[in-house]
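Engineer: Questions regarding the structure given below will be posed in turn.
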Amino acid sequence: MNTVNKRHTLSVLVENAAGVLSQVSRLFSRKGYNIESLAVGTTDDPEVSRITIEVKCDDLMVEQIINQLRKQFSVYSVRLLPPASSIRRELVLIKVKAESREVRNEVIQIANIFRASIIDVSSKSLTLAIIGEESKDDALERLLREFGILELVRTGMVALERGEATISDNDDNKETDEFGLGKNLL
């Protein structure tokens, strides 16, 4: 039995309706699982939303979570995204104190190294946006701390499987109704 807690990324397609996110998050709280990261948005189908959830737990717990999610009526599909075969990104906005031209120039140089965008400039601050993997975002944040971070916000991870594979490819991810028809809309 694997008892090592590691980060697992789940991609969940759900009905785009009021209360669905609340149902999914209650499932985690009832089981005592802490959500490390959560991002939700519509897909190419406006009636379907994708929830990307990151949870730190062992392999047995993640299987229990997946099985519980699949039982939810409003859940169409669930996929565990292995790190080696998925793309994970997060948007981070960081407002940094930059009261002098020298500091602004130094922050801009750091932003360029990390391929971050300067999205707002004032006489006393710069706001940067970076989209990347968590380690890259964390490294930029650490460097900018010495200048003074005024505000910071992270979206949470979004993820997709690499290559041609999609969340709806694997029949194991689809729930069937009492007539044997797939609930998956895709």
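Identifiers in this document derive from the order of the structure tokens: chains are assigned A, B, ..., residues are numbered from 1 separately in each chain, and ligands are numbered from 1 in order of occurrence.
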Find the residues around Ala129 of chain A up to 6 Å (only C-alpha atoms counted), leave out those fewer than 2 positions away in its own chain, and share them as a ChimeraX atom specification.
Structural biologist: /A:92-93,116-117
Engineer: As a PyMOL selection string, please: every residue in chain A that a backbone DSSP assignment puts in alpha helix (DSSP H).
Structural biologist: chain A and resi 20-31+59-71+101-113+134-145
Engineer: In segment 64-181 of chain A, what's strand (DSSP E or B) per DSSP? Answer as a PyMOL selection string?
Structural biologist: chain A and resi 75-81+86-97+117-121+125-132+149-154+158-161+174+176
Engineer: Which neighbours of Asn34 of chain A fall inside 8 Å, counting only C-alpha atoms, when residues of the same chain fewer than 3 positions from it are skipped, and could you give them as a PyMOL selection string?
Structural biologist: chain A and resi 28-29+55-56
Engineer: Selected residues, all heavy atoms, written as an mmCIF file, in the first residue's frame, please.
Structural biologist:
data_model
loop_
_atom_site.group_PDB
_atom_site.id
_atom_site.type_symbol
_atom_site.label_atom_id
_atom_site.label_comp_id
_atom_site.auth_asym_id
_atom_site.auth_seq_id
_atom_site.Cartn_x
_atom_site.Cartn_y
_atom_site.Cartn_z
ATOM 1 N N PHE A 28 -14.861 16.855 -1.231
ATOM 2 C CA PHE A 28 -13.514 16.882 -0.670
ATOM 3 C C PHE A 28 -13.551 17.180 0.825
ATOM 4 O O PHE A 28 -12.847 16.551 1.603
ATOM 5 C CB PHE A 28 -12.645 17.916 -1.398
ATOM 6 C CG PHE A 28 -12.152 17.432 -2.726
ATOM 7 C CD1 PHE A 28 -12.974 17.470 -3.843
ATOM 8 C CD2 PHE A 28 -10.878 16.911 -2.856
ATOM 9 C CE1 PHE A 28 -12.526 17.014 -5.065
ATOM 10 C CE2 PHE A 28 -10.421 16.447 -4.081
ATOM 11 C CZ PHE A 28 -11.257 16.498 -5.186
ATOM 12 N N SER A 29 -14.365 18.124 1.235
ATOM 13 C CA SER A 29 -14.399 18.484 2.659
ATOM 14 C C SER A 29 -15.004 17.358 3.494
ATOM 15 O O SER A 29 -14.546 17.103 4.610
ATOM 16 C CB SER A 29 -15.148 19.800 2.880
ATOM 17 O OG SER A 29 -16.498 19.688 2.519
ATOM 18 N N VAL A 55 -4.644 17.907 -5.494
ATOM 19 C CA VAL A 55 -4.796 17.442 -4.122
ATOM 20 C C VAL A 55 -3.544 16.668 -3.744
ATOM 21 O O VAL A 55 -2.958 15.977 -4.568
ATOM 22 C CB VAL A 55 -6.085 16.595 -3.975
ATOM 23 C CG1 VAL A 55 -6.060 15.360 -4.835
ATOM 24 C CG2 VAL A 55 -6.379 16.253 -2.530
ATOM 25 N N LYS A 56 -3.113 16.821 -2.505
ATOM 26 C CA LYS A 56 -1.957 16.085 -2.005
ATOM 27 C C LYS A 56 -2.479 14.914 -1.181
ATOM 28 O O LYS A 56 -3.120 15.110 -0.144
ATOM 29 C CB LYS A 56 -1.099 17.003 -1.128
ATOM 30 C CG LYS A 56 0.361 16.806 -1.290
ATOM 31 C CD LYS A 56 1.138 17.760 -0.434
ATOM 32 C CE LYS A 56 2.180 18.438 -1.267
ATOM 33 N NZ LYS A 56 2.999 19.339 -0.506
#
Engineer: Contacts between segment 133-157 of chain A and segment 25-52 of chain A, please, where a residue of segment 25-52 of chain A counts if it comes within 12 Å (with only C-alpha atoms); show its shortest atom pair and distance in Å to one decimal, rows by chain and ascending number, as a Markdown table.
Structural biologist:
| residue | atom | partner | partner_atom | distance |
| --- | --- | --- | --- | --- |
| A:Ile35 | CA | A:Gly156 | CA | 10.5 |
| A:Glu36 | CA | A:Gly156 | CA | 8.5 |
| A:Ser37 | CA | A:Gly156 | CA | 5.0 |
| A:Leu38 | CA | A:Gly156 | CA | 5.4 |
| A:Ala39 | CA | A:Gly156 | CA | 5.4 |
| A:Val40 | CA | A:Gly156 | CA | 9.1 |
| A:Gly41 | CA | A:Thr155 | CA | 11.2 |
| A:Arg50 | CA | A:Met157 | CA | 11.9 |
| A:Ile51 | CA | A:Met157 | CA | 9.9 |
| A:Thr52 | CA | A:Met157 | CA | 6.8 |
Engineer: Those selected residues, please, written with all heavy atoms and delivered as a CSV table (one decimal), in the first residue's frame.
Structural biologist:
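selection.csv, freshly written:
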chain,number,residue,atom,x,y,z
A,35,ILE,N,-7.9,20.6,-0.8
A,35,ILE,CA,-7.6,21.0,-2.2
A,35,ILE,C,-6.4,22.0,-2.2
A,35,ILE,O,-6.5,23.0,-1.6
A,35,ILE,CB,-8.9,21.6,-2.8
A,35,ILE,CG1,-10.0,20.6,-2.9
A,35,ILE,CG2,-8.5,22.2,-4.2
A,35,ILE,CD1,-11.3,21.2,-3.4
A,36,GLU,N,-5.4,21.6,-2.9
A,36,GLU,CA,-4.2,22.4,-3.0
A,36,GLU,C,-4.4,23.5,-4.0
A,36,GLU,O,-3.9,24.6,-3.8
A,36,GLU,CB,-2.9,21.6,-3.4
A,36,GLU,CG,-2.6,20.5,-2.4
A,36,GLU,CD,-1.9,21.0,-1.1
A,36,GLU,OE1,-1.1,22.0,-1.2
A,36,GLU,OE2,-2.2,20.5,0.0
A,37,SER,N,-5.1,23.2,-5.1
A,37,SER,CA,-5.3,24.2,-6.1
A,37,SER,C,-6.6,23.8,-6.8
A,37,SER,O,-6.9,22.7,-7.0
A,37,SER,CB,-4.1,24.1,-7.1
A,37,SER,OG,-4.4,24.9,-8.3
A,38,LEU,N,-7.3,24.9,-7.3
A,38,LEU,CA,-8.6,24.7,-7.9
A,38,LEU,C,-8.8,25.8,-9.0
A,38,LEU,O,-8.6,27.0,-8.7
A,38,LEU,CB,-9.7,24.8,-6.9
A,38,LEU,CG,-11.2,24.7,-7.3
A,38,LEU,CD1,-11.5,23.3,-7.8
A,38,LEU,CD2,-12.1,25.1,-6.2
A,39,ALA,N,-9.1,25.4,-10.2
A,39,ALA,CA,-9.4,26.3,-11.3
A,39,ALA,C,-10.6,25.8,-12.0
A,39,ALA,O,-10.7,24.6,-12.3
A,39,ALA,CB,-8.2,26.4,-12.2
A,40,VAL,N,-11.5,26.7,-12.4
A,40,VAL,CA,-12.7,26.3,-13.1
A,40,VAL,C,-12.9,27.3,-14.2
A,40,VAL,O,-12.8,28.5,-14.1
A,40,VAL,CB,-13.9,26.4,-12.1
A,40,VAL,CG1,-15.2,25.9,-12.8
A,40,VAL,CG2,-13.7,25.6,-10.8
A,41,GLY,N,-13.4,26.7,-15.3
A,41,GLY,CA,-13.8,27.6,-16.5
A,41,GLY,C,-14.5,26.8,-17.5
A,41,GLY,O,-14.5,25.5,-17.5
A,50,ARG,N,-14.7,22.8,-17.1
A,50,ARG,CA,-13.6,21.9,-16.7
A,50,ARG,C,-13.1,22.4,-15.3
A,50,ARG,O,-12.8,23.6,-15.2
A,50,ARG,CB,-12.5,21.9,-17.7
A,50,ARG,CG,-11.3,21.0,-17.3
A,50,ARG,CD,-10.1,21.1,-18.2
A,50,ARG,NE,-10.5,20.7,-19.6
A,50,ARG,CZ,-10.2,19.5,-20.1
A,50,ARG,NH1,-9.6,18.6,-19.4
A,50,ARG,NH2,-10.5,19.2,-21.3
A,51,ILE,N,-13.0,21.5,-14.4
A,51,ILE,CA,-12.4,21.8,-13.1
A,51,ILE,C,-11.1,21.1,-13.0
A,51,ILE,O,-11.0,19.9,-13.2
A,51,ILE,CB,-13.3,21.3,-11.9
A,51,ILE,CG1,-14.7,21.9,-12.0
A,51,ILE,CG2,-12.7,21.6,-10.6
A,51,ILE,CD1,-15.7,21.3,-11.0
A,52,THR,N,-10.1,21.9,-12.7
A,52,THR,CA,-8.7,21.3,-12.5
A,52,THR,C,-8.5,21.4,-11.0
A,52,THR,O,-8.5,22.4,-10.4
A,52,THR,CB,-7.6,22.0,-13.3
A,52,THR,OG1,-8.0,22.1,-14.7
A,52,THR,CG2,-6.3,21.3,-13.1
